[in-house]
file my_file.cif (mmCIF, C-alpha atoms and all ligand atoms)
data_target
#
loop_
_atom_site.label_atom_id
_atom_site.label_comp_id
_atom_site.auth_asym_id
_atom_site.auth_seq_id
_atom_site.Cartn_x
_atom_site.Cartn_y
_atom_site.Cartn_z
CA MET E 1 111.98 -63.78 64.20
CA LYS E 2 112.07 -62.32 67.70
CA LYS E 3 108.28 -62.45 67.75
CA THR E 4 108.28 -66.12 66.78
CA ALA E 5 110.71 -66.95 69.57
CA LEU E 6 108.53 -65.04 72.04
CA THR E 7 105.45 -66.85 70.83
CA ILE E 8 107.10 -70.23 71.22
CA CYS E 9 108.28 -69.26 74.73
CA ALA E 10 104.79 -68.15 75.68
CA ALA E 11 103.34 -71.38 74.27
CA LEU E 12 105.80 -73.41 76.30
CA VAL E 13 104.97 -71.43 79.43
CA LEU E 14 101.30 -72.15 78.85
CA ALA E 15 101.92 -75.83 78.20
CA LEU E 16 104.06 -76.02 81.35
CA ALA E 17 101.42 -74.17 83.34
CA CYS E 18 98.92 -76.75 82.15
CA CYS E 19 101.23 -79.72 82.68
CA GLY E 20 102.25 -78.41 86.06
CA CYS E 21 98.84 -78.93 87.51
CA SER E 22 98.67 -82.64 86.72
CA LYS E 23 98.37 -84.33 90.04
CA GLU E 24 97.48 -87.93 89.60
CA ASP E 25 99.60 -89.36 86.84
CA GLY E 26 96.71 -89.62 84.46
CA LYS E 27 94.36 -91.16 87.00
CA VAL E 28 91.16 -89.56 88.10
CA ASN E 29 90.54 -89.94 91.81
CA GLU E 30 88.42 -92.96 92.60
CA THR E 31 86.03 -91.17 94.91
CA THR E 32 83.00 -89.45 93.56
CA PRO E 33 83.03 -86.82 92.24
CA ILE E 34 86.34 -86.61 90.43
CA ALA E 35 89.04 -84.70 92.20
CA GLY E 36 92.54 -83.59 91.28
CA GLY E 37 91.64 -83.62 87.60
CA GLU E 38 94.13 -84.28 84.89
CA ALA E 39 95.66 -81.13 83.51
CA VAL E 40 94.91 -80.30 79.94
CA VAL E 41 98.11 -80.49 77.98
CA THR E 42 97.43 -77.67 75.61
CA PRO E 43 99.22 -78.44 72.35
CA THR E 44 102.01 -76.02 71.55
CA GLU E 45 103.15 -75.11 68.07
CA ALA E 46 105.79 -77.79 68.39
CA THR E 47 103.31 -80.49 69.35
CA LEU E 48 100.42 -79.47 67.14
CA SER E 49 99.50 -82.94 65.99
CA PRO E 50 96.42 -85.08 65.53
CA SER E 51 97.14 -87.18 68.60
CA ALA E 52 95.71 -85.39 71.58
CA THR E 53 96.43 -85.83 75.26
CA PRO E 54 95.85 -89.39 76.45
CA ALA E 55 92.65 -89.39 78.47
CA PRO E 56 92.86 -90.00 82.20
CA THR E 57 92.22 -93.58 83.25
CA VAL E 58 89.35 -94.10 85.61
CA THR E 59 89.49 -97.13 87.84
CA ASP E 60 86.65 -98.93 89.55
CA THR E 61 84.88 -97.11 92.33
CA PRO E 62 84.73 -99.53 95.25
CA THR E 63 82.32 -97.53 97.39
CA PRO E 64 78.73 -96.48 96.73
CA THR E 65 78.53 -93.03 95.18
CA ALA E 66 77.73 -89.96 97.21
CA THR E 67 75.22 -87.42 95.95
CA PRO E 68 77.23 -84.82 94.06
CA ALA E 69 77.15 -81.23 95.33
CA VAL E 70 74.78 -79.03 93.37
CA ASP E 71 74.71 -75.22 93.54
CA SER E 72 71.72 -72.89 93.68
CA ASN E 73 71.55 -72.82 89.86
CA GLY E 74 71.27 -76.60 89.73
CA MET E 75 74.85 -76.97 88.49
CA THR E 76 76.63 -80.10 89.66
CA LEU E 77 80.00 -78.78 90.76
CA LEU E 78 82.09 -81.81 89.84
CA CYS E 79 81.42 -84.45 87.22
CA PRO E 80 80.69 -87.67 89.10
CA SER E 81 83.49 -90.11 88.30
CA GLN E 82 81.17 -92.96 87.33
CA TYR E 83 80.14 -90.92 84.28
CA LEU E 84 83.67 -91.32 82.94
CA LYS E 85 83.63 -95.09 83.12
CA LYS E 86 82.20 -97.49 80.57
CA ARG E 87 79.37 -99.59 81.85
CA GLU E 88 77.02 -102.37 80.77
CA GLY E 89 73.90 -101.25 79.02
CA ALA E 90 75.26 -97.97 77.69
CA THR E 91 76.47 -97.51 74.12
CA TYR E 92 79.29 -95.26 73.01
CA GLY E 93 79.92 -93.49 69.73
CA LYS E 94 83.22 -93.14 67.87
CA PHE E 95 84.80 -90.03 66.43
CA THR E 96 85.32 -89.77 62.70
CA HIS E 97 87.30 -87.13 60.84
CA ILE E 98 85.57 -85.12 58.14
CA THR E 99 86.66 -82.45 55.69
CA TYR E 100 84.45 -79.62 54.51
CA TYR E 101 85.09 -76.90 52.02
CA SER E 102 85.07 -73.51 53.68
CA ASP E 103 83.96 -70.92 51.21
CA TYR E 104 84.85 -68.36 53.87
CA CYS E 105 88.49 -69.50 54.14
CA LYS E 106 88.60 -70.68 50.53
CA ARG E 107 90.06 -74.05 51.39
CA ASP E 108 89.29 -77.44 52.89
CA ARG E 109 89.07 -77.57 56.66
CA GLY E 110 88.86 -80.48 59.07
CA ALA E 111 86.47 -81.36 61.89
CA THR E 112 85.74 -84.46 63.93
CA VAL E 113 82.23 -85.78 64.44
CA LEU E 114 80.87 -88.04 67.17
CA LEU E 115 77.54 -89.53 66.22
CA PRO E 116 75.35 -91.06 68.92
CA ALA E 117 75.89 -94.85 69.02
CA GLY E 118 72.41 -95.55 67.68
CA TYR E 119 72.48 -92.84 64.99
CA THR E 120 69.77 -93.28 62.39
CA GLU E 121 68.62 -91.11 59.51
CA GLU E 122 65.10 -91.59 60.81
CA LYS E 123 65.67 -89.17 63.68
CA LYS E 124 66.76 -85.54 63.69
CA TYR E 125 69.52 -84.78 66.17
CA PRO E 126 70.58 -81.57 67.84
CA VAL E 127 74.22 -80.65 67.24
CA VAL E 128 76.76 -79.45 69.78
CA TYR E 129 79.78 -77.59 68.37
CA LEU E 130 82.64 -77.98 70.84
CA LEU E 131 85.62 -75.62 70.53
CA HIS E 132 89.16 -76.55 71.59
CA GLY E 133 91.84 -74.56 73.42
CA ILE E 134 94.61 -72.45 71.93
CA PHE E 135 97.01 -74.38 69.64
CA GLY E 136 94.45 -77.17 69.47
CA ASP E 137 92.74 -78.49 66.38
CA GLU E 138 89.83 -80.69 65.38
CA ASN E 139 91.56 -83.71 66.94
CA SER E 140 92.01 -82.23 70.41
CA PHE E 141 88.72 -83.47 71.86
CA ALA E 142 88.64 -86.58 69.68
CA GLY E 143 91.76 -87.75 71.52
CA ASP E 144 89.93 -87.83 74.83
CA ALA E 145 88.57 -91.37 75.23
CA ASN E 146 86.47 -90.25 78.21
CA LEU E 147 84.35 -87.89 76.16
CA PRO E 148 82.31 -90.54 74.28
CA VAL E 149 81.96 -92.35 77.61
CA LEU E 150 80.59 -89.28 79.40
CA ILE E 151 78.17 -88.66 76.54
CA GLY E 152 77.04 -92.30 76.27
CA ASN E 153 76.44 -92.49 80.03
CA LEU E 154 74.47 -89.24 80.12
CA ILE E 155 72.29 -90.53 77.27
CA ALA E 156 71.91 -93.98 78.88
CA ASP E 157 70.66 -92.33 82.08
CA GLY E 158 68.25 -90.12 80.18
CA LEU E 159 70.08 -87.01 81.40
CA SER E 160 71.01 -85.93 77.88
CA GLU E 161 69.10 -86.28 74.66
CA GLU E 162 70.98 -87.98 71.85
CA PHE E 163 72.98 -85.39 69.91
CA ILE E 164 75.75 -85.09 67.36
CA LEU E 165 79.02 -83.64 68.63
CA VAL E 166 81.14 -81.68 66.16
CA CYS E 167 84.66 -80.59 67.09
CA PRO E 168 85.95 -78.07 64.57
CA ALA E 169 89.42 -76.65 63.99
CA MET E 170 88.99 -73.11 65.21
CA PHE E 171 91.93 -71.34 63.64
CA ALA E 172 90.18 -70.08 60.53
CA ALA E 173 93.10 -68.38 58.82
CA SER E 174 92.65 -66.95 55.36
CA ASP E 175 96.08 -68.36 54.57
CA ASP E 176 97.29 -71.00 56.99
CA THR E 177 100.64 -71.24 55.27
CA VAL E 178 101.55 -67.83 56.71
CA GLN E 179 99.27 -67.44 59.73
CA ALA E 180 99.77 -69.52 62.86
CA PRO E 181 98.24 -69.64 66.35
CA GLY E 182 100.09 -67.66 69.01
CA PHE E 183 99.81 -64.98 71.64
CA THR E 184 99.74 -62.04 69.29
CA ALA E 185 97.04 -59.63 68.20
CA GLU E 186 97.31 -60.95 64.62
CA ALA E 187 96.83 -64.53 65.76
CA MET E 188 93.56 -63.62 67.43
CA ILE E 189 91.96 -62.67 64.12
CA PRO E 190 91.67 -66.21 62.67
CA TYR E 191 90.17 -67.41 65.97
CA ASP E 192 87.41 -64.82 65.74
CA ARG E 193 86.97 -65.59 62.04
CA PHE E 194 85.85 -69.03 63.07
CA ALA E 195 82.45 -67.64 64.12
CA HIS E 196 81.82 -66.75 60.47
CA ASP E 197 83.23 -70.00 59.11
CA LEU E 198 81.01 -71.90 61.55
CA THR E 199 77.78 -70.13 60.74
CA GLN E 200 78.39 -69.78 56.99
CA CYS E 201 80.18 -73.03 56.13
CA LEU E 202 80.46 -75.71 58.80
CA ILE E 203 76.88 -75.66 60.11
CA PRO E 204 75.44 -75.82 56.56
CA TYR E 205 77.84 -78.70 55.78
CA ILE E 206 76.79 -80.65 58.88
CA ASP E 207 73.12 -79.97 58.17
CA ALA E 208 73.54 -81.18 54.59
CA ASN E 209 75.38 -84.38 55.53
CA TYR E 210 73.77 -85.55 58.77
CA SER E 211 70.26 -85.89 60.06
CA THR E 212 70.18 -82.74 62.17
CA LEU E 213 67.56 -80.73 63.95
CA GLN E 214 68.39 -77.59 62.01
CA GLY E 215 68.37 -73.97 63.02
CA ARG E 216 68.57 -72.34 66.41
CA GLU E 217 66.40 -74.97 68.06
CA GLY E 218 68.93 -77.73 67.52
CA THR E 219 72.24 -75.83 67.55
CA TYR E 220 74.47 -75.60 70.63
CA ILE E 221 77.96 -74.27 71.23
CA ALA E 222 80.52 -74.83 73.96
CA GLY E 223 84.24 -74.52 74.39
CA PHE E 224 87.19 -74.71 76.70
CA SER E 225 89.58 -71.80 77.29
CA MET E 226 90.30 -70.24 73.86
CA GLY E 227 87.25 -72.21 72.74
CA GLY E 228 85.28 -70.72 75.64
CA ARG E 229 86.26 -67.23 74.58
CA GLU E 230 85.23 -67.97 71.00
CA THR E 231 81.97 -69.45 72.24
CA LEU E 232 81.20 -66.11 73.88
CA PHE E 233 82.37 -64.20 70.79
CA THR E 234 80.18 -66.37 68.57
CA ILE E 235 76.98 -65.94 70.58
CA ILE E 236 77.52 -62.18 70.87
CA THR E 237 78.07 -62.02 67.10
CA TYR E 238 75.32 -64.48 66.12
CA PRO E 239 72.92 -64.51 69.10
CA ASP E 240 69.96 -65.90 67.19
CA ARG E 241 71.77 -68.99 65.90
CA PHE E 242 72.26 -70.92 69.13
CA ARG E 243 69.87 -72.47 71.58
CA ALA E 244 72.39 -72.58 74.44
CA ALA E 245 76.09 -72.00 75.09
CA CYS E 246 78.74 -72.93 77.63
CA ALA E 247 82.12 -71.26 78.10
CA ILE E 248 84.42 -73.36 80.29
CA ALA E 249 87.38 -71.37 81.65
CA PRO E 250 87.08 -68.83 78.81
CA ALA E 251 90.38 -67.17 77.85
CA PRO E 252 90.82 -63.41 77.99
CA GLY E 253 90.48 -61.18 74.95
CA LEU E 254 86.77 -60.92 74.21
CA VAL E 255 87.21 -57.43 75.65
CA PRO E 256 90.44 -55.45 76.15
CA GLY E 257 92.72 -56.66 78.92
CA LYS E 258 96.22 -57.79 79.76
CA ASP E 259 97.62 -60.95 81.29
CA LYS E 260 100.96 -62.74 81.53
CA PHE E 261 100.69 -63.92 77.93
CA MET E 262 99.81 -60.76 76.03
CA VAL E 263 97.96 -57.49 75.77
CA HIS E 264 94.48 -58.15 74.46
CA GLU E 265 93.08 -55.52 72.14
CA GLY E 266 89.65 -57.05 72.67
CA SER E 267 87.30 -58.34 69.99
CA TYR E 268 84.54 -56.15 71.41
CA LYS E 269 84.36 -53.12 73.64
CA PRO E 270 82.78 -54.03 76.99
CA GLU E 271 79.66 -52.04 76.16
CA GLN E 272 79.22 -54.05 72.93
CA VAL E 273 78.93 -57.29 74.84
CA LYS E 274 75.18 -57.26 75.05
CA PHE E 275 72.08 -58.33 73.19
CA ALA E 276 69.67 -55.90 71.58
CA GLU E 277 66.34 -55.42 73.31
CA GLY E 278 63.92 -58.09 72.14
CA ALA E 279 66.58 -59.99 70.17
CA VAL E 280 66.44 -63.76 69.82
CA ILE E 281 69.22 -64.99 72.06
CA PRO E 282 70.36 -68.31 73.56
CA ASP E 283 67.97 -69.72 76.16
CA ARG E 284 70.84 -70.57 78.44
CA ILE E 285 74.43 -69.41 78.79
CA ILE E 286 76.78 -71.06 81.26
CA ILE E 287 80.16 -69.63 82.23
CA CYS E 288 82.29 -71.65 84.62
CA CYS E 289 85.89 -71.96 85.76
CA GLY E 290 88.03 -73.82 88.28
CA THR E 291 88.72 -71.98 91.52
CA ARG E 292 92.44 -72.62 90.96
CA ASP E 293 92.77 -71.89 87.28
CA SER E 294 96.42 -70.96 86.80
CA VAL E 295 96.08 -70.05 83.11
CA VAL E 296 93.00 -67.83 82.72
CA GLY E 297 92.76 -66.80 86.38
CA GLN E 298 89.99 -64.32 87.12
CA PHE E 299 89.08 -63.56 83.50
CA PRO E 300 86.08 -65.92 83.43
CA LYS E 301 84.73 -64.24 86.55
CA GLU E 302 85.23 -60.88 84.86
CA TYR E 303 83.12 -62.11 81.94
CA HIS E 304 80.48 -63.11 84.45
CA ASN E 305 80.59 -59.61 85.97
CA LEU E 306 80.46 -58.00 82.53
CA PHE E 307 77.50 -60.14 81.47
CA SER E 308 75.70 -59.22 84.71
CA ALA E 309 76.49 -55.51 84.30
CA ASN E 310 75.22 -55.62 80.70
CA GLY E 311 72.03 -57.45 81.62
CA ILE E 312 72.85 -60.79 79.97
CA ASP E 313 71.10 -63.57 81.79
CA HIS E 314 73.54 -66.42 82.45
CA ILE E 315 74.67 -69.01 84.94
CA TRP E 316 78.07 -68.60 86.58
CA TYR E 317 79.62 -71.26 88.75
CA GLU E 318 83.04 -72.18 90.04
CA ILE E 319 84.48 -75.68 90.05
CA PRO E 320 86.00 -76.39 93.45
CA ASN E 321 89.78 -76.85 93.33
CA ALA E 322 89.89 -77.30 89.57
CA ASP E 323 92.82 -75.85 87.65
CA HIS E 324 92.88 -75.30 83.87
CA ASP E 325 92.22 -78.99 83.58
CA MET E 326 90.06 -81.94 82.65
CA GLN E 327 88.14 -81.65 85.90
CA ALA E 328 86.93 -78.21 84.81
CA GLN E 329 86.14 -79.51 81.32
CA TYR E 330 84.15 -82.50 82.53
CA SER E 331 82.24 -80.42 85.06
CA GLY E 332 81.21 -77.89 82.42
CA LEU E 333 80.30 -80.57 79.89
CA TYR E 334 78.44 -82.70 82.44
CA ASN E 335 76.16 -79.76 83.19
CA PHE E 336 75.90 -78.33 79.71
CA LEU E 337 75.16 -81.58 77.90
CA GLN E 338 72.11 -82.04 80.13
CA VAL E 339 70.69 -78.80 78.74
CA ILE E 340 70.36 -80.22 75.20
CA GLY E 341 66.73 -80.28 74.14
CA LYS E 342 65.49 -78.68 77.36
C1 LIG D 1 95.60 -65.94 77.13
C2 LIG D 1 95.55 -66.90 78.13
C3 LIG D 1 95.09 -68.19 77.83
C4 LIG D 1 95.18 -66.26 75.84
C5 LIG D 1 94.72 -67.53 75.55
C6 LIG D 1 94.69 -68.47 76.53
C7 LIG D 1 94.93 -65.51 73.62
C8 LIG D 1 94.22 -69.79 76.15
C9 LIG D 1 94.48 -70.91 76.83
C10 LIG D 1 93.95 -72.20 76.35
O1 LIG D 1 93.28 -72.24 75.32
O2 LIG D 1 94.19 -73.21 77.03
O3 LIG D 1 96.05 -64.69 77.38
O4 LIG D 1 95.30 -65.27 74.92
#
call {"tool": "encode", "arguments": {"input": "my_file.cif", "output": "structure tokens"}}
result
Amino acid sequence: MKKTALTICAALVLALACCGCSKEDGKVNETTPIAGGEAVVTPTEATLSPSATPAPTVTDTPTPTATPAVDSNGMTLLCPSQYLKKREGATYGKFTHITYYSDYCKRDRGATVLLPAGYTEEKKYPVVYLLHGIFGDENSFAGDANLPVLIGNLIADGLSEEFILVCPAMFAASDDTVQAPGFTAEAMIPYDRFAHDLTQCLIPYIDANYSTLQGREGTYIAGFSMGGRETLFTIITYPDRFRAACAIAPAPGLVPGKDKFMVHEGSYKPEQVKFAEGAVIPDRIIICCGTRDSVVGQFPKEYHNLFSANGIDHIWYEIPNADHDMQAQYSGLYNFLQVIGK
């Protein structure tokens, strides 16, 4: 009882922390690139519902666009705002909700799927699995109207190959009538279980039902916050299954630690976060975070340091002035989605 109250409090604190950084009343700055990004309103237990945060509105850019700043790794620091606006000549896909049977969880589970606008069974598409934040579900990303726009624009400009986006529900509880997301050690278990549900059940389902480029070559994973942490957990656990990965503002807990929300037992010991000599591993791993992230703070940078110390090749970059917000998400996705097929 006491634990539940604490969990709800912690969830509210997190939601407030996220809401607190909203600066522009749902509007993304008109200059390029986007600035003062919309905060992610992380769903709490109370608001866990299919309708996700309304996406920020992007208004017309009156001035010609400046060349976006790029770092030494070739990462564009901020997603240029014109990529979040619909335009003539580009086509945009729509999310649909699917249900698959998880033999791992022994029950039906949901996911949302965004097919490329010109999807045809005659082609084979890579698949990006995109993991939501804590308390989220399969509808969290599907509620962001900017996401299909970003993807359609990247494809229209030839920056991304066409791909299928799958947004799963990460909380892979064995019994979701008794287990619920929260800031407790027990609640971390179903999040980590998702790696097994994904590789054993969801990927085979997607491969069986869509025209996919199967196997490591066509399989990508990315996530925001809790989803970023589980992206890292998944590639450490199943390194040979993914061609590339991106952890945007990954939450603590992959390794032991402590923050304002909880003590993290750690899914792995720091020395276990490595790949075996000669193992098949992702070609590219990106870790990024806003310089002003008020929720996960320095933990993403600590992952970067751990990966470096353990000899894992990766790209680390910081998103100027971004909080735990949409600006961070769009920056990470803008860069990562250009990696598909390359
Ligand atoms: C934590 C801090 C942040 C944590 C999770 C988060 C499980 C996730 C935040 C998000 O998904 O937005 O200590 O522990």
call {"tool": "residues_near_ligand", "arguments": {"input": "my_file.cif", "ligand": "ligand LIG 1 (chain D)", "cutoff": "8 Å", "atoms": "all atoms listed in the file", "output": "ChimeraX atom specification"}}
result
/E:14,18,40,42,132-136,182-184,188,224-227,250-253,258-264,295-296,324
call {"tool": "atom_distance", "arguments": {"input": "my_file.cif", "atom1": "CA of Lys342 (chain E)", "atom2": "CA of Ile281 (chain E)"}}
result
15.1 Å
call {"tool": "closest_residue", "arguments": {"input": "my_file.cif", "among": "E:Leu150, E:Val127, E:Ala172, E:Cys289", "to": "Pro320 (chain E)", "atoms": "all atoms listed in the file"}}
result
E:Cys289
call {"tool": "atom_distance", "arguments": {"input": "my_file.cif", "atom1": "CA of Ala309 (chain E)", "atom2": "CA of Gln272 (chain E)"}}
result
11.8 Å
call {"tool": "closest_residue", "arguments": {"input": "my_file.cif", "among": "E:Tyr92, E:Ser102, E:Phe299, E:Pro168", "to": "Ala117 (chain E)", "atoms": "only C-alpha atoms"}}
result
E:Tyr92
call {"tool": "residues_around", "arguments": {"input": "my_file.cif", "residues": "region 161-167 of chain E", "least_positions_apart": "4", "cutoff": "8 Å", "atoms": "only C-alpha atoms", "output": "PDB file with C-alpha atoms, in the coordinates of the input"}}
result
ATOM      1  CA  ALA E 111      86.470 -81.360  61.890  1.00  0.00           C
ATOM      2  CA  THR E 112      85.740 -84.460  63.930  1.00  0.00           C
ATOM      3  CA  VAL E 113      82.230 -85.780  64.440  1.00  0.00           C
ATOM      4  CA  LEU E 114      80.870 -88.040  67.170  1.00  0.00           C
ATOM      5  CA  LEU E 115      77.540 -89.530  66.220  1.00  0.00           C
ATOM      6  CA  PRO E 116      75.350 -91.060  68.920  1.00  0.00           C
ATOM      7  CA  TYR E 125      69.520 -84.780  66.170  1.00  0.00           C
ATOM      8  CA  PRO E 126      70.580 -81.570  67.840  1.00  0.00           C
ATOM      9  CA  VAL E 127      74.220 -80.650  67.240  1.00  0.00           C
ATOM     10  CA  VAL E 128      76.760 -79.450  69.780  1.00  0.00           C
ATOM     11  CA  TYR E 129      79.780 -77.590  68.370  1.00  0.00           C
ATOM     12  CA  LEU E 130      82.640 -77.980  70.840  1.00  0.00           C
ATOM     13  CA  LEU E 131      85.620 -75.620  70.530  1.00  0.00           C
ATOM     14  CA  HIS E 132      89.160 -76.550  71.590  1.00  0.00           C
ATOM     15  CA  GLU E 138      89.830 -80.690  65.380  1.00  0.00           C
ATOM     16  CA  ASN E 139      91.560 -83.710  66.940  1.00  0.00           C
ATOM     17  CA  PHE E 141      88.720 -83.470  71.860  1.00  0.00           C
ATOM     18  CA  ALA E 142      88.640 -86.580  69.680  1.00  0.00           C
ATOM     19  CA  ILE E 155      72.290 -90.530  77.270  1.00  0.00           C
ATOM     20  CA  THR E 212      70.180 -82.740  62.170  1.00  0.00           C
ATOM     21  CA  GLN E 338      72.110 -82.040  80.130  1.00  0.00           C
ATOM     22  CA  ILE E 340      70.360 -80.220  75.200  1.00  0.00           C
ATOM     23  CA  GLY E 341      66.730 -80.280  74.140  1.00  0.00           C
TER      24      GLY E 341
END
call {"tool": "closest_residue", "arguments": {"input": "my_file.cif", "among": "E:Gly158, E:Gly297, E:Pro282, E:Pro256", "to": "Tyr268 (chain E)", "atoms": "all atoms listed in the file"}}
result
E:Pro256
call {"tool": "build_atoms", "arguments": {"input": "my_file.cif", "residues": "region 204-217 of chain E", "atoms": "N, CA and C atoms", "output": "PDB file, in the coordinates of the input"}}
result
ATOM      1  N   PRO E 204      76.136 -75.328  57.774  1.00  0.00           N
ATOM      2  CA  PRO E 204      75.440 -75.820  56.560  1.00  0.00           C
ATOM      3  C   PRO E 204      75.970 -77.175  56.089  1.00  0.00           C
ATOM      4  N   TYR E 205      77.274 -77.403  56.202  1.00  0.00           N
ATOM      5  CA  TYR E 205      77.840 -78.700  55.780  1.00  0.00           C
ATOM      6  C   TYR E 205      77.281 -79.822  56.653  1.00  0.00           C
ATOM      7  N   ILE E 206      77.286 -79.617  57.951  1.00  0.00           N
ATOM      8  CA  ILE E 206      76.790 -80.650  58.880  1.00  0.00           C
ATOM      9  C   ILE E 206      75.308 -80.892  58.622  1.00  0.00           C
ATOM     10  N   ASP E 207      74.550 -79.828  58.438  1.00  0.00           N
ATOM     11  CA  ASP E 207      73.120 -79.970  58.170  1.00  0.00           C
ATOM     12  C   ASP E 207      72.851 -80.722  56.871  1.00  0.00           C
ATOM     13  N   ALA E 208      73.740 -80.524  55.892  1.00  0.00           N
ATOM     14  CA  ALA E 208      73.540 -81.180  54.590  1.00  0.00           C
ATOM     15  C   ALA E 208      73.957 -82.654  54.629  1.00  0.00           C
ATOM     16  N   ASN E 209      74.811 -83.022  55.557  1.00  0.00           N
ATOM     17  CA  ASN E 209      75.380 -84.380  55.530  1.00  0.00           C
ATOM     18  C   ASN E 209      74.932 -85.286  56.666  1.00  0.00           C
ATOM     19  N   TYR E 210      74.251 -84.734  57.648  1.00  0.00           N
ATOM     20  CA  TYR E 210      73.770 -85.550  58.770  1.00  0.00           C
ATOM     21  C   TYR E 210      72.313 -85.206  59.033  1.00  0.00           C
ATOM     22  N   SER E 211      71.684 -86.085  59.775  1.00  0.00           N
ATOM     23  CA  SER E 211      70.260 -85.890  60.060  1.00  0.00           C
ATOM     24  C   SER E 211      70.131 -84.994  61.294  1.00  0.00           C
ATOM     25  N   THR E 212      70.117 -83.702  61.053  1.00  0.00           N
ATOM     26  CA  THR E 212      70.180 -82.740  62.170  1.00  0.00           C
ATOM     27  C   THR E 212      68.855 -82.015  62.382  1.00  0.00           C
ATOM     28  N   LEU E 213      68.678 -81.605  63.611  1.00  0.00           N
ATOM     29  CA  LEU E 213      67.560 -80.730  63.950  1.00  0.00           C
ATOM     30  C   LEU E 213      68.077 -79.313  63.668  1.00  0.00           C
ATOM     31  N   GLN E 214      67.704 -78.788  62.495  1.00  0.00           N
ATOM     32  CA  GLN E 214      68.390 -77.590  62.010  1.00  0.00           C
ATOM     33  C   GLN E 214      67.911 -76.301  62.661  1.00  0.00           C
ATOM     34  N   GLY E 215      68.745 -75.297  62.531  1.00  0.00           N
ATOM     35  CA  GLY E 215      68.370 -73.970  63.020  1.00  0.00           C
ATOM     36  C   GLY E 215      68.676 -73.819  64.498  1.00  0.00           C
ATOM     37  N   ARG E 216      68.279 -72.684  65.018  1.00  0.00           N
ATOM     38  CA  ARG E 216      68.570 -72.340  66.410  1.00  0.00           C
ATOM     39  C   ARG E 216      68.137 -73.421  67.388  1.00  0.00           C
ATOM     40  N   GLU E 217      66.974 -73.999  67.135  1.00  0.00           N
ATOM     41  CA  GLU E 217      66.400 -74.970  68.060  1.00  0.00           C
ATOM     42  C   GLU E 217      67.346 -76.132  68.358  1.00  0.00           C
TER      43      GLU E 217
END
